[in-house]
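Down below is the structure, laid out as structure tokens.
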Amino acid sequence: MPKWKEGGLDIHHINTGQGSATLLVFPDGTTLLVDAGAINSRDWRTNKPRNIPTKPSNERQAGEWIARYVQKALGHQTSPVIDYALISHFHDDHMGTPLNVTKQSSAGYTLAGITEVGEFIPIRKIIDRGWPDYSYPAPMTADSMVSNYRRFLQWQQQRKGLIVEKFRAGSNDQIVPLKSKKYPFEVQNIAVNGEMWMGVGNQTTSLFPPLSSLKPADFPNENMCSAVFQIRYGKFDYFSGGDLQGVIRFGAPAWHDVETPIAQVVGPVDVQLVDHHGYPDSQNGTLLARLQPRVMVVPSWASSHPGKDVLERMFSEEFYKGPRDVFMTNLLPEAKTAIADLLPRLKSEGGHVVIRVEKGGKTYQIMVLDDTTESFRIKAVYGPYQSK
């Protein structure tokens, strides 16, 4: 793959088979890593080993593979640096878990996911939904993953000068180009912890009732609290909603559907990183009708990614007319069986999916890269697409 050039926007959906990781290179060269998943090697439901190989091989852990990919993607830099890292929410497939991991740092925390990425590449600032107390909607003191992550943050702050911030809903100046402001580029923070931007200025509104009015069983779950953002570069728009849900279980409060209100302030986009990996509780009709994505990228890694009903909605012209292209990062054999009749409509079943937006944001291409090696070999190219 040709190297990034100034003025272009690159969005790399990195496939390790172990969760989500997205590297963005802004038009001025500023870098943002969104998530660094490393799933528990044992399934929490069954306590049995997961048979999900790491890409490109089991020789290294997912965090190290992500770091090596980032170093190569930032080959235009003399010394690659991650200017911003954003943890969308606190699940292992988005940040890495220390459970069943033996690899330790000299500082005393376990190396998994984002804590392992930080071992190989300097991270200047980390943004998440919980800083500094990690207490919403309930204290996370007993969570081994968050505890390990906080030890990493503390050591990095003390020894490496790391800055840590809480994601601010409504802000468009928390994640900004650091090297030049001459390009028409913006990161708009949409929502976090149920606090949602209202679409005007920096005003926000609360989607969740006060916790004091709720039974613990109705508390917002981790996915509902995801950090949500939209990127605009000229006419190009990209939406990332973490693990938002919009198809709620029977008997759940209506406000558990967070996709519907968020969709109202986002509007049409060119590319969407599909919510919650295409799991059955995601991508409701209202969201699709409002966003009308031309391209959808599914960060798939489990046999339930994507749900067949979800994929049918994504392809259905009942919600919006016109073409749409769907790319999978890691479609497992069981998932292929479940969606067999829809397989021919997919543009990719596996590989790193790279969005390359040309200078100014008027057009973009999709490149699917080989994920079985570190070659950055292009398997397929789609486009150019015209930005909306």
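Ordered as shown in the structure tokens, chains take letters A, B, and onward, while each chain numbers its residues from 1 and ligands are numbered from 1 in the order shown.
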
Could you list, as a list of chain:residue names, every residue within 12 Å of Tyr279 of chain A, counting only C-alpha atoms and ignoring same-chain residues fewer than 3 positions away? A:Asn223, A:Gly242, A:Asp243, A:Leu244, A:Gln245, A:Gly246, A:Val247, A:Ile248, A:Val274, A:Asp275, A:His276, A:Ser282, A:Gln283, A:Asn284, A:Val298, A:Pro299, A:Ser300, A:Trp301, A:Ala302, A:Ser303, A:Ser304, A:His305, A:Pro306, A:Gly307, A:Lys308, A:Asp309, A:Val310, A:Leu311, A:Ala335

Let me see the file: selected residues, N, CA and C atoms, as a short mmCIF file (atom, residue, chain, number, x, y, z; two decimals), in the first residue's frame.
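After the write, result-v7.cif holds the following:
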data_model
loop_
_atom_site.label_atom_id
_atom_site.label_comp_id
_atom_site.auth_asym_id
_atom_site.auth_seq_id
_atom_site.Cartn_x
_atom_site.Cartn_y
_atom_site.Cartn_z
N ASN A 223 -22.08 -1.15 26.93
CA ASN A 223 -22.17 -0.80 25.52
C ASN A 223 -22.92 0.51 25.31
N GLY A 242 -18.85 2.79 18.64
CA GLY A 242 -18.50 1.79 19.63
C GLY A 242 -19.47 0.62 19.57
N ASP A 243 -19.99 0.24 20.74
CA ASP A 243 -20.91 -0.90 20.80
C ASP A 243 -22.34 -0.45 21.13
N LEU A 244 -22.76 0.66 20.54
CA LEU A 244 -24.12 1.14 20.75
C LEU A 244 -25.15 0.06 20.43
N GLN A 245 -26.27 0.12 21.14
CA GLN A 245 -27.37 -0.80 20.85
C GLN A 245 -28.62 -0.01 20.49
N GLY A 246 -29.44 -0.61 19.62
CA GLY A 246 -30.67 0.05 19.19
C GLY A 246 -31.84 -0.89 19.05
N VAL A 247 -31.58 -2.19 19.25
CA VAL A 247 -32.65 -3.20 19.22
C VAL A 247 -32.66 -3.83 20.61
N ILE A 248 -33.63 -3.44 21.42
CA ILE A 248 -33.58 -3.79 22.85
C ILE A 248 -34.37 -5.05 23.14
N VAL A 274 -19.68 -0.16 11.81
CA VAL A 274 -20.95 -0.72 12.24
C VAL A 274 -20.98 -0.92 13.76
N ASP A 275 -22.09 -0.50 14.38
CA ASP A 275 -22.24 -0.59 15.83
C ASP A 275 -22.18 -2.04 16.31
N HIS A 276 -21.53 -2.23 17.44
CA HIS A 276 -21.49 -3.51 18.17
C HIS A 276 -21.21 -4.70 17.25
N SER A 282 -27.94 -4.34 17.27
CA SER A 282 -27.41 -3.10 16.67
C SER A 282 -28.01 -2.81 15.31
N GLN A 283 -27.70 -1.59 14.80
CA GLN A 283 -28.07 -1.18 13.45
C GLN A 283 -29.58 -1.21 13.23
N ASN A 284 -30.32 -0.49 14.09
CA ASN A 284 -31.77 -0.48 13.90
C ASN A 284 -32.16 0.34 12.67
N VAL A 298 -17.61 -3.78 9.19
CA VAL A 298 -17.99 -4.57 10.36
C VAL A 298 -16.72 -5.11 11.00
N PRO A 299 -16.37 -4.66 12.23
CA PRO A 299 -15.18 -5.18 12.92
C PRO A 299 -15.50 -6.54 13.55
N SER A 300 -15.65 -7.54 12.70
CA SER A 300 -16.13 -8.85 13.12
C SER A 300 -15.00 -9.70 13.68
N TRP A 301 -15.31 -10.50 14.70
CA TRP A 301 -14.31 -11.46 15.21
C TRP A 301 -14.95 -12.70 15.82
N ALA A 302 -16.29 -12.67 16.05
CA ALA A 302 -16.97 -13.80 16.68
C ALA A 302 -17.97 -14.43 15.71
N SER A 303 -18.45 -15.62 16.06
CA SER A 303 -19.39 -16.33 15.19
C SER A 303 -20.73 -15.60 15.09
N SER A 304 -21.01 -14.69 16.03
CA SER A 304 -22.27 -13.93 16.02
C SER A 304 -22.14 -12.62 15.26
N HIS A 305 -20.98 -12.37 14.65
CA HIS A 305 -20.74 -11.12 13.92
C HIS A 305 -20.72 -11.38 12.42
N PRO A 306 -21.67 -10.87 11.66
CA PRO A 306 -22.85 -10.12 12.08
C PRO A 306 -24.05 -11.05 12.20
N GLY A 307 -25.11 -10.56 12.89
CA GLY A 307 -26.36 -11.30 12.90
C GLY A 307 -27.00 -11.24 11.51
N LYS A 308 -27.65 -12.33 11.12
CA LYS A 308 -28.25 -12.35 9.79
C LYS A 308 -29.32 -11.26 9.63
N ASP A 309 -30.16 -11.08 10.65
CA ASP A 309 -31.19 -10.04 10.58
C ASP A 309 -30.56 -8.66 10.42
N VAL A 310 -29.44 -8.46 11.10
CA VAL A 310 -28.75 -7.17 11.02
C VAL A 310 -28.24 -6.94 9.60
N LEU A 311 -27.60 -7.94 9.03
CA LEU A 311 -27.05 -7.81 7.69
C LEU A 311 -28.17 -7.59 6.67
N ALA A 335 -20.05 -17.97 11.13
CA ALA A 335 -20.80 -16.79 10.67
C ALA A 335 -21.12 -16.92 9.18
#

Segment 55-128 of chain A: which residues are helix (DSSP H, G or I) by DSSP, as a list of chain:residue names? A:Ala62, A:Gly63, A:Glu64, A:Trp65, A:Ile66, A:Ala67, A:Arg68, A:Tyr69, A:Val70, A:Gln71, A:Lys72, A:Ala73, A:Asp92, A:Asp93, A:His94, A:Met95, A:Ile114, A:Thr115, A:Glu116, A:Val117, A:Gly118, A:Glu119, A:Phe120

Name the residues in contact with Val269 of chain A at a cut-off of 6 Å, using only C-alpha atoms, excluding same-chain residues fewer than 3 positions from it; report them as a short mmCIF file (atom, residue, chain, number, x, y, z; two decimals) with all heavy atoms, in the first residue's frame.
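Produced file result-v1.cif, reproduced below:
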data_model
loop_
_atom_site.label_atom_id
_atom_site.label_comp_id
_atom_site.auth_asym_id
_atom_site.auth_seq_id
_atom_site.Cartn_x
_atom_site.Cartn_y
_atom_site.Cartn_z
N ASP A 237 -17.75 12.19 5.60
CA ASP A 237 -18.19 11.96 6.97
C ASP A 237 -17.99 10.50 7.36
O ASP A 237 -18.33 9.59 6.59
CB ASP A 237 -19.67 12.31 7.13
CG ASP A 237 -19.91 13.80 7.21
OD1 ASP A 237 -20.10 14.42 6.15
OD2 ASP A 237 -19.92 14.33 8.33
N TYR A 238 -17.50 10.29 8.59
CA TYR A 238 -17.26 8.95 9.12
C TYR A 238 -17.84 8.89 10.52
O TYR A 238 -17.66 9.81 11.33
CB TYR A 238 -15.75 8.69 9.16
CG TYR A 238 -15.31 7.42 9.86
CD1 TYR A 238 -15.22 6.21 9.15
CD2 TYR A 238 -14.96 7.41 11.20
CE1 TYR A 238 -14.79 5.04 9.77
CE2 TYR A 238 -14.53 6.24 11.84
CZ TYR A 238 -14.45 5.06 11.12
OH TYR A 238 -14.02 3.91 11.74
N LEU A 291 -28.50 7.61 8.79
CA LEU A 291 -27.09 7.69 8.40
C LEU A 291 -26.90 7.39 6.91
O LEU A 291 -26.00 7.95 6.27
CB LEU A 291 -26.25 6.71 9.23
CG LEU A 291 -25.61 7.27 10.50
CD1 LEU A 291 -26.66 7.83 11.46
CD2 LEU A 291 -24.77 6.20 11.20
N PRO A 293 -25.38 5.07 5.20
CA PRO A 293 -23.97 4.92 4.84
C PRO A 293 -23.76 4.29 3.47
O PRO A 293 -24.43 3.32 3.12
CB PRO A 293 -23.41 4.02 5.95
CG PRO A 293 -24.61 3.31 6.50
CD PRO A 293 -25.76 4.25 6.35
#

Quick one: residues within 6 Å of Leu24 of chain A, only C-alpha atoms counted, chain neighbours fewer than 3 positions away excluded, as an MDAnalysis selection string? chainID A and resid 10:11 31:32

Let me see the file: selected residues, all heavy atoms, as an mmCIF file, in the first residue's frame.
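Result file follows (selection-v9.cif):
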data_model
loop_
_atom_site.group_PDB
_atom_site.id
_atom_site.type_symbol
_atom_site.label_atom_id
_atom_site.label_comp_id
_atom_site.auth_asym_id
_atom_site.auth_seq_id
_atom_site.Cartn_x
_atom_site.Cartn_y
_atom_site.Cartn_z
ATOM 1 N N ASP A 10 -6.334 8.827 6.335
ATOM 2 C CA ASP A 10 -6.336 7.364 6.315
ATOM 3 C C ASP A 10 -7.046 6.838 7.554
ATOM 4 O O ASP A 10 -6.782 7.301 8.678
ATOM 5 C CB ASP A 10 -4.909 6.808 6.292
ATOM 6 C CG ASP A 10 -4.300 6.797 4.897
ATOM 7 O OD1 ASP A 10 -4.959 7.274 3.954
ATOM 8 O OD2 ASP A 10 -3.154 6.315 4.761
ATOM 9 N N ILE A 11 -7.932 5.848 7.355
ATOM 10 C CA ILE A 11 -8.618 5.186 8.466
ATOM 11 C C ILE A 11 -8.375 3.690 8.314
ATOM 12 O O ILE A 11 -8.916 3.055 7.400
ATOM 13 C CB ILE A 11 -10.126 5.504 8.468
ATOM 14 C CG1 ILE A 11 -10.368 7.018 8.438
ATOM 15 C CG2 ILE A 11 -10.794 4.873 9.690
ATOM 16 C CD1 ILE A 11 -11.824 7.415 8.262
ATOM 17 N N THR A 31 -2.199 11.612 14.766
ATOM 18 C CA THR A 31 -2.639 10.215 14.793
ATOM 19 C C THR A 31 -3.595 9.943 15.955
ATOM 20 O O THR A 31 -3.457 10.500 17.043
ATOM 21 C CB THR A 31 -1.438 9.270 14.897
ATOM 22 O OG1 THR A 31 -0.653 9.609 16.059
ATOM 23 C CG2 THR A 31 -0.551 9.388 13.668
ATOM 24 N N LEU A 32 -4.550 9.071 15.701
ATOM 25 C CA LEU A 32 -5.540 8.657 16.700
ATOM 26 C C LEU A 32 -5.728 7.151 16.596
ATOM 27 O O LEU A 32 -6.011 6.632 15.511
ATOM 28 C CB LEU A 32 -6.871 9.379 16.447
ATOM 29 C CG LEU A 32 -8.126 8.824 17.141
ATOM 30 C CD1 LEU A 32 -8.020 8.967 18.651
ATOM 31 C CD2 LEU A 32 -9.384 9.531 16.623
#

Among the residues of segment 107-196 of chain A, find those DSSP assigns to strand (DSSP E or B) from the backbone and print them as a PDB file with all heavy atoms, in the first residue's frame.
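Final output, saved to out.pdb:
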ATOM      1  N   THR A 110      -0.062  -6.016  33.551  1.00  0.00           N
ATOM      2  CA  THR A 110      -0.108  -7.033  32.504  1.00  0.00           C
ATOM      3  C   THR A 110      -0.197  -6.368  31.134  1.00  0.00           C
ATOM      4  O   THR A 110      -0.862  -5.343  30.972  1.00  0.00           O
ATOM      5  CB  THR A 110      -1.327  -7.957  32.716  1.00  0.00           C
ATOM      6  OG1 THR A 110      -1.226  -8.537  34.026  1.00  0.00           O
ATOM      7  CG2 THR A 110      -1.370  -9.065  31.680  1.00  0.00           C
ATOM      8  N   ILE A 123       2.467   6.917  23.588  1.00  0.00           N
ATOM      9  CA  ILE A 123       1.118   7.465  23.498  1.00  0.00           C
ATOM     10  C   ILE A 123       1.108   8.784  24.262  1.00  0.00           C
ATOM     11  O   ILE A 123       1.462   8.817  25.441  1.00  0.00           O
ATOM     12  CB  ILE A 123       0.071   6.499  24.083  1.00  0.00           C
ATOM     13  CG1 ILE A 123       0.120   5.140  23.369  1.00  0.00           C
ATOM     14  CG2 ILE A 123      -1.334   7.106  23.982  1.00  0.00           C
ATOM     15  CD1 ILE A 123      -0.783   4.076  23.986  1.00  0.00           C
ATOM     16  N   ARG A 124       0.727   9.856  23.605  1.00  0.00           N
ATOM     17  CA  ARG A 124       0.768  11.184  24.226  1.00  0.00           C
ATOM     18  C   ARG A 124      -0.443  11.451  25.117  1.00  0.00           C
ATOM     19  O   ARG A 124      -0.333  12.043  26.174  1.00  0.00           O
ATOM     20  CB  ARG A 124       0.835  12.273  23.143  1.00  0.00           C
ATOM     21  CG  ARG A 124       2.022  12.167  22.210  1.00  0.00           C
ATOM     22  CD  ARG A 124       3.322  12.385  22.933  1.00  0.00           C
ATOM     23  NE  ARG A 124       4.440  12.505  21.999  1.00  0.00           N
ATOM     24  CZ  ARG A 124       5.624  11.954  22.185  1.00  0.00           C
ATOM     25  NH1 ARG A 124       5.860  11.222  23.279  1.00  0.00           N
ATOM     26  NH2 ARG A 124       6.600  12.116  21.305  1.00  0.00           N
ATOM     27  N   LYS A 125      -1.631  11.053  24.655  1.00  0.00           N
ATOM     28  CA  LYS A 125      -2.854  11.328  25.414  1.00  0.00           C
ATOM     29  C   LYS A 125      -3.831  10.166  25.246  1.00  0.00           C
ATOM     30  O   LYS A 125      -4.020   9.671  24.133  1.00  0.00           O
ATOM     31  CB  LYS A 125      -3.511  12.628  24.935  1.00  0.00           C
ATOM     32  CG  LYS A 125      -4.791  13.006  25.692  1.00  0.00           C
ATOM     33  CD  LYS A 125      -5.415  14.296  25.155  1.00  0.00           C
ATOM     34  CE  LYS A 125      -4.585  15.507  25.549  1.00  0.00           C
ATOM     35  NZ  LYS A 125      -5.290  16.793  25.200  1.00  0.00           N
ATOM     36  N   ILE A 126      -4.447   9.752  26.358  1.00  0.00           N
ATOM     37  CA  ILE A 126      -5.481   8.729  26.322  1.00  0.00           C
ATOM     38  C   ILE A 126      -6.786   9.348  26.817  1.00  0.00           C
ATOM     39  O   ILE A 126      -6.811  10.069  27.818  1.00  0.00           O
ATOM     40  CB  ILE A 126      -5.116   7.500  27.174  1.00  0.00           C
ATOM     41  CG1 ILE A 126      -3.984   6.706  26.497  1.00  0.00           C
ATOM     42  CG2 ILE A 126      -6.323   6.601  27.411  1.00  0.00           C
ATOM     43  CD1 ILE A 126      -3.626   5.407  27.174  1.00  0.00           C
ATOM     44  N   ILE A 127      -7.855   9.055  26.082  1.00  0.00           N
ATOM     45  CA  ILE A 127      -9.179   9.563  26.406  1.00  0.00           C
ATOM     46  C   ILE A 127     -10.099   8.362  26.594  1.00  0.00           C
ATOM     47  O   ILE A 127     -10.084   7.433  25.786  1.00  0.00           O
ATOM     48  CB  ILE A 127      -9.706  10.473  25.273  1.00  0.00           C
ATOM     49  CG1 ILE A 127      -8.738  11.647  25.037  1.00  0.00           C
ATOM     50  CG2 ILE A 127     -11.106  10.991  25.579  1.00  0.00           C
ATOM     51  CD1 ILE A 127      -9.027  12.439  23.770  1.00  0.00           C
ATOM     52  N   ASP A 128     -10.891   8.369  27.658  1.00  0.00           N
ATOM     53  CA  ASP A 128     -11.842   7.270  27.880  1.00  0.00           C
ATOM     54  C   ASP A 128     -13.095   7.812  28.549  1.00  0.00           C
ATOM     55  O   ASP A 128     -13.213   9.007  28.805  1.00  0.00           O
ATOM     56  CB  ASP A 128     -11.193   6.133  28.693  1.00  0.00           C
ATOM     57  CG  ASP A 128     -10.797   6.539  30.111  1.00  0.00           C
ATOM     58  OD1 ASP A 128     -11.524   7.339  30.739  1.00  0.00           O
ATOM     59  OD2 ASP A 128      -9.771   6.041  30.607  1.00  0.00           O
ATOM     60  N   ILE A 163      -0.914  12.110  29.220  1.00  0.00           N
ATOM     61  CA  ILE A 163      -2.066  12.905  29.647  1.00  0.00           C
ATOM     62  C   ILE A 163      -3.312  12.034  29.503  1.00  0.00           C
ATOM     63  O   ILE A 163      -3.482  11.338  28.500  1.00  0.00           O
ATOM     64  CB  ILE A 163      -2.208  14.184  28.793  1.00  0.00           C
ATOM     65  CG1 ILE A 163      -0.965  15.068  28.957  1.00  0.00           C
ATOM     66  CG2 ILE A 163      -3.466  14.957  29.160  1.00  0.00           C
ATOM     67  CD1 ILE A 163      -0.893  16.214  27.972  1.00  0.00           C
ATOM     68  N   VAL A 164      -4.184  12.070  30.515  1.00  0.00           N
ATOM     69  CA  VAL A 164      -5.421  11.288  30.476  1.00  0.00           C
ATOM     70  C   VAL A 164      -6.599  12.237  30.654  1.00  0.00           C
ATOM     71  O   VAL A 164      -6.566  13.121  31.506  1.00  0.00           O
ATOM     72  CB  VAL A 164      -5.454  10.202  31.574  1.00  0.00           C
ATOM     73  CG1 VAL A 164      -6.656   9.283  31.376  1.00  0.00           C
ATOM     74  CG2 VAL A 164      -4.166   9.394  31.576  1.00  0.00           C
ATOM     75  N   GLU A 165      -7.619  12.048  29.822  1.00  0.00           N
ATOM     76  CA  GLU A 165      -8.811  12.892  29.886  1.00  0.00           C
ATOM     77  C   GLU A 165     -10.066  12.047  29.765  1.00  0.00           C
ATOM     78  O   GLU A 165     -10.039  10.960  29.200  1.00  0.00           O
ATOM     79  CB  GLU A 165      -8.821  13.921  28.754  1.00  0.00           C
ATOM     80  CG  GLU A 165      -7.748  14.981  28.839  1.00  0.00           C
ATOM     81  CD  GLU A 165      -7.815  15.980  27.701  1.00  0.00           C
ATOM     82  OE1 GLU A 165      -8.684  15.832  26.810  1.00  0.00           O
ATOM     83  OE2 GLU A 165      -6.994  16.912  27.703  1.00  0.00           O
ATOM     84  N   LYS A 166     -11.169  12.614  30.269  1.00  0.00           N
ATOM     85  CA  LYS A 166     -12.475  12.007  30.066  1.00  0.00           C
ATOM     86  C   LYS A 166     -13.068  12.523  28.763  1.00  0.00           C
ATOM     87  O   LYS A 166     -12.986  13.715  28.456  1.00  0.00           O
ATOM     88  CB  LYS A 166     -13.400  12.363  31.230  1.00  0.00           C
ATOM     89  CG  LYS A 166     -14.717  11.610  31.231  1.00  0.00           C
ATOM     90  CD  LYS A 166     -15.475  11.900  32.521  1.00  0.00           C
ATOM     91  CE  LYS A 166     -16.727  11.045  32.623  1.00  0.00           C
ATOM     92  NZ  LYS A 166     -17.404  11.253  33.927  1.00  0.00           N
ATOM     93  N   PHE A 185     -10.979  19.848   8.586  1.00  0.00           N
ATOM     94  CA  PHE A 185     -11.093  18.582   9.311  1.00  0.00           C
ATOM     95  C   PHE A 185     -11.602  18.825  10.730  1.00  0.00           C
ATOM     96  O   PHE A 185     -11.187  19.771  11.385  1.00  0.00           O
ATOM     97  CB  PHE A 185      -9.729  17.889   9.359  1.00  0.00           C
ATOM     98  CG  PHE A 185      -9.742  16.574  10.074  1.00  0.00           C
ATOM     99  CD1 PHE A 185     -10.104  15.413   9.400  1.00  0.00           C
ATOM    100  CD2 PHE A 185      -9.414  16.488  11.416  1.00  0.00           C
ATOM    101  CE1 PHE A 185     -10.137  14.190  10.055  1.00  0.00           C
ATOM    102  CE2 PHE A 185      -9.446  15.276  12.081  1.00  0.00           C
ATOM    103  CZ  PHE A 185      -9.806  14.120  11.399  1.00  0.00           C
ATOM    104  N   GLU A 186     -12.498  17.925  11.207  1.00  0.00           N
ATOM    105  CA  GLU A 186     -13.046  18.090  12.559  1.00  0.00           C
ATOM    106  C   GLU A 186     -13.462  16.736  13.130  1.00  0.00           C
ATOM    107  O   GLU A 186     -13.992  15.884  12.419  1.00  0.00           O
ATOM    108  CB  GLU A 186     -14.263  19.019  12.513  1.00  0.00           C
ATOM    109  CG  GLU A 186     -14.942  19.230  13.862  1.00  0.00           C
ATOM    110  CD  GLU A 186     -16.200  20.067  13.739  1.00  0.00           C
ATOM    111  OE1 GLU A 186     -17.158  19.623  13.060  1.00  0.00           O
ATOM    112  OE2 GLU A 186     -16.230  21.162  14.325  1.00  0.00           O
ATOM    113  N   VAL A 187     -13.206  16.565  14.419  1.00  0.00           N
ATOM    114  CA  VAL A 187     -13.735  15.427  15.167  1.00  0.00           C
ATOM    115  C   VAL A 187     -14.799  15.964  16.123  1.00  0.00           C
ATOM    116  O   VAL A 187     -14.486  16.759  17.009  1.00  0.00           O
ATOM    117  CB  VAL A 187     -12.639  14.688  15.964  1.00  0.00           C
ATOM    118  CG1 VAL A 187     -13.254  13.524  16.752  1.00  0.00           C
ATOM    119  CG2 VAL A 187     -11.538  14.180  15.043  1.00  0.00           C
ATOM    120  N   GLN A 188     -16.036  15.547  15.916  1.00  0.00           N
ATOM    121  CA  GLN A 188     -17.143  15.974  16.763  1.00  0.00           C
ATOM    122  C   GLN A 188     -17.502  14.842  17.727  1.00  0.00           C
ATOM    123  O   GLN A 188     -17.888  13.759  17.303  1.00  0.00           O
ATOM    124  CB  GLN A 188     -18.373  16.318  15.912  1.00  0.00           C
ATOM    125  CG  GLN A 188     -19.630  16.649  16.706  1.00  0.00           C
ATOM    126  CD  GLN A 188     -19.512  17.960  17.454  1.00  0.00           C
ATOM    127  OE1 GLN A 188     -19.307  19.009  16.850  1.00  0.00           O
ATOM    128  NE2 GLN A 188     -19.646  17.908  18.775  1.00  0.00           N
ATOM    129  N   ASN A 189     -17.334  15.094  19.023  1.00  0.00           N
ATOM    130  CA  ASN A 189     -17.749  14.116  20.027  1.00  0.00           C
ATOM    131  C   ASN A 189     -19.271  14.136  20.120  1.00  0.00           C
ATOM    132  O   ASN A 189     -19.858  15.187  20.398  1.00  0.00           O
ATOM    133  CB  ASN A 189     -17.149  14.445  21.386  1.00  0.00           C
ATOM    134  CG  ASN A 189     -15.635  14.324  21.425  1.00  0.00           C
ATOM    135  OD1 ASN A 189     -15.014  13.980  20.428  1.00  0.00           O
ATOM    136  ND2 ASN A 189     -15.045  14.615  22.570  1.00  0.00           N
ATOM    137  N   ILE A 190     -19.894  12.977  19.919  1.00  0.00           N
ATOM    138  CA  ILE A 190     -21.354  12.909  19.876  1.00  0.00           C
ATOM    139  C   ILE A 190     -21.956  12.538  21.234  1.00  0.00           C
ATOM    140  O   ILE A 190     -22.859  13.219  21.730  1.00  0.00           O
ATOM    141  CB  ILE A 190     -21.839  11.901  18.820  1.00  0.00           C
ATOM    142  CG1 ILE A 190     -21.283  12.246  17.423  1.00  0.00           C
ATOM    143  CG2 ILE A 190     -23.361  11.832  18.802  1.00  0.00           C
ATOM    144  CD1 ILE A 190     -21.861  13.490  16.804  1.00  0.00           C
ATOM    145  N   ALA A 191     -21.475  11.456  21.841  1.00  0.00           N
ATOM    146  CA  ALA A 191     -22.126  10.976  23.066  1.00  0.00           C
ATOM    147  C   ALA A 191     -21.181  10.114  23.881  1.00  0.00           C
ATOM    148  O   ALA A 191     -20.236   9.516  23.352  1.00  0.00           O
ATOM    149  CB  ALA A 191     -23.386  10.176  22.716  1.00  0.00           C
ATOM    150  N   VAL A 192     -21.465  10.055  25.180  1.00  0.00           N
ATOM    151  CA  VAL A 192     -20.760   9.150  26.087  1.00  0.00           C
ATOM    152  C   VAL A 192     -21.561   9.086  27.389  1.00  0.00           C
ATOM    153  O   VAL A 192     -22.138  10.086  27.826  1.00  0.00           O
ATOM    154  CB  VAL A 192     -19.313   9.616  26.366  1.00  0.00           C
ATOM    155  CG1 VAL A 192     -19.275  10.890  27.212  1.00  0.00           C
ATOM    156  CG2 VAL A 192     -18.491   8.515  27.007  1.00  0.00           C
ATOM    157  N   GLU A 195     -24.778  10.960  27.796  1.00  0.00           N
ATOM    158  CA  GLU A 195     -24.794  12.404  27.555  1.00  0.00           C
ATOM    159  C   GLU A 195     -24.591  12.616  26.065  1.00  0.00           C
ATOM    160  O   GLU A 195     -23.593  12.172  25.504  1.00  0.00           O
ATOM    161  CB  GLU A 195     -23.686  13.090  28.347  1.00  0.00           C
ATOM    162  CG  GLU A 195     -23.835  14.586  28.491  1.00  0.00           C
ATOM    163  CD  GLU A 195     -24.939  14.993  29.448  1.00  0.00           C
ATOM    164  OE1 GLU A 195     -25.394  14.152  30.239  1.00  0.00           O
ATOM    165  OE2 GLU A 195     -25.340  16.174  29.397  1.00  0.00           O
ATOM    166  N   MET A 196     -25.544  13.286  25.397  1.00  0.00           N
ATOM    167  CA  MET A 196     -25.514  13.382  23.935  1.00  0.00           C
ATOM    168  C   MET A 196     -25.504  14.831  23.469  1.00  0.00           C
ATOM    169  O   MET A 196     -26.231  15.675  23.986  1.00  0.00           O
ATOM    170  CB  MET A 196     -26.740  12.671  23.348  1.00  0.00           C
ATOM    171  CG  MET A 196     -26.757  12.600  21.823  1.00  0.00           C
ATOM    172  SD  MET A 196     -28.334  11.992  21.176  1.00  0.00           S
ATOM    173  CE  MET A 196     -29.354  13.480  21.298  1.00  0.00           C
TER     174      MET A 196
END

All residues 7 Å or closer to segment 215-222 of chain A, only C-alpha atoms, same chain fewer than 6 positions away omitted, as a count of residues only: 3

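Across the structure, atom CA of Thr363 of chain A and atom CA of Lys388 of chain A are spaced 9.1 Å apart.
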
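Proximity ranking of A:Tyr109, A:Phe120, A:Tyr385, A:Phe229 relative to Gly170 of chain A places A:Phe229 first, based on only C-alpha atoms.
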
Of the residues A:Ile52, A:Leu23, A:Val117, A:Ala62, which is the one nearest to Leu74 of chain A, using only C-alpha atoms?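 Nearest to Leu74 of chain A: A:Leu23.
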
Which residues are close to segment 199-203 of chain A, i.e. within 12 Å by only C-alpha atoms, leaving aside same-chain residues fewer than 5 positions away? Reply as a PyMOL selection string. chain A and resi 168-174+188-191+230+261-267

For the residues selected in the previous step, produce a file with C-alpha atoms as a tab-separated table (two decimals), in the first residue's frame.
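What landed in out24.tsv:
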chain	number	residue	atom	x	y	z
A	168	ARG	CA	-16.46	15.13	26.56
A	169	ALA	CA	-19.79	14.77	24.75
A	170	GLY	CA	-20.53	17.79	22.54
A	171	SER	CA	-16.89	18.84	22.21
A	172	ASN	CA	-15.27	19.47	18.83
A	173	ASP	CA	-11.96	20.63	20.30
A	174	GLN	CA	-10.85	17.63	22.40
A	188	GLN	CA	-17.14	15.97	16.76
A	189	ASN	CA	-17.75	14.12	20.03
A	190	ILE	CA	-21.35	12.91	19.88
A	191	ALA	CA	-22.13	10.98	23.07
A	230	GLN	CA	-18.10	11.69	13.91
A	261	PRO	CA	-31.67	9.53	19.42
A	262	ILE	CA	-28.01	9.61	18.39
A	263	ALA	CA	-28.96	9.05	14.74
A	264	GLN	CA	-31.02	12.25	14.81
A	265	VAL	CA	-27.95	14.45	15.38
A	266	VAL	CA	-25.59	12.61	13.03
A	267	GLY	CA	-27.33	12.61	9.65

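Here the question is which of A:His76, A:Arg150, A:Arg294, A:Lys160 gets nearest to Glu6 of chain A using only C-alpha atoms, and that residue is A:His76.
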
How far is it from atom CA of Thr205 of chain A to atom CA of Gly130 of chain A, in Å with one decimal?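 Rounded to one decimal, the two atoms are 18.4 Å apart.
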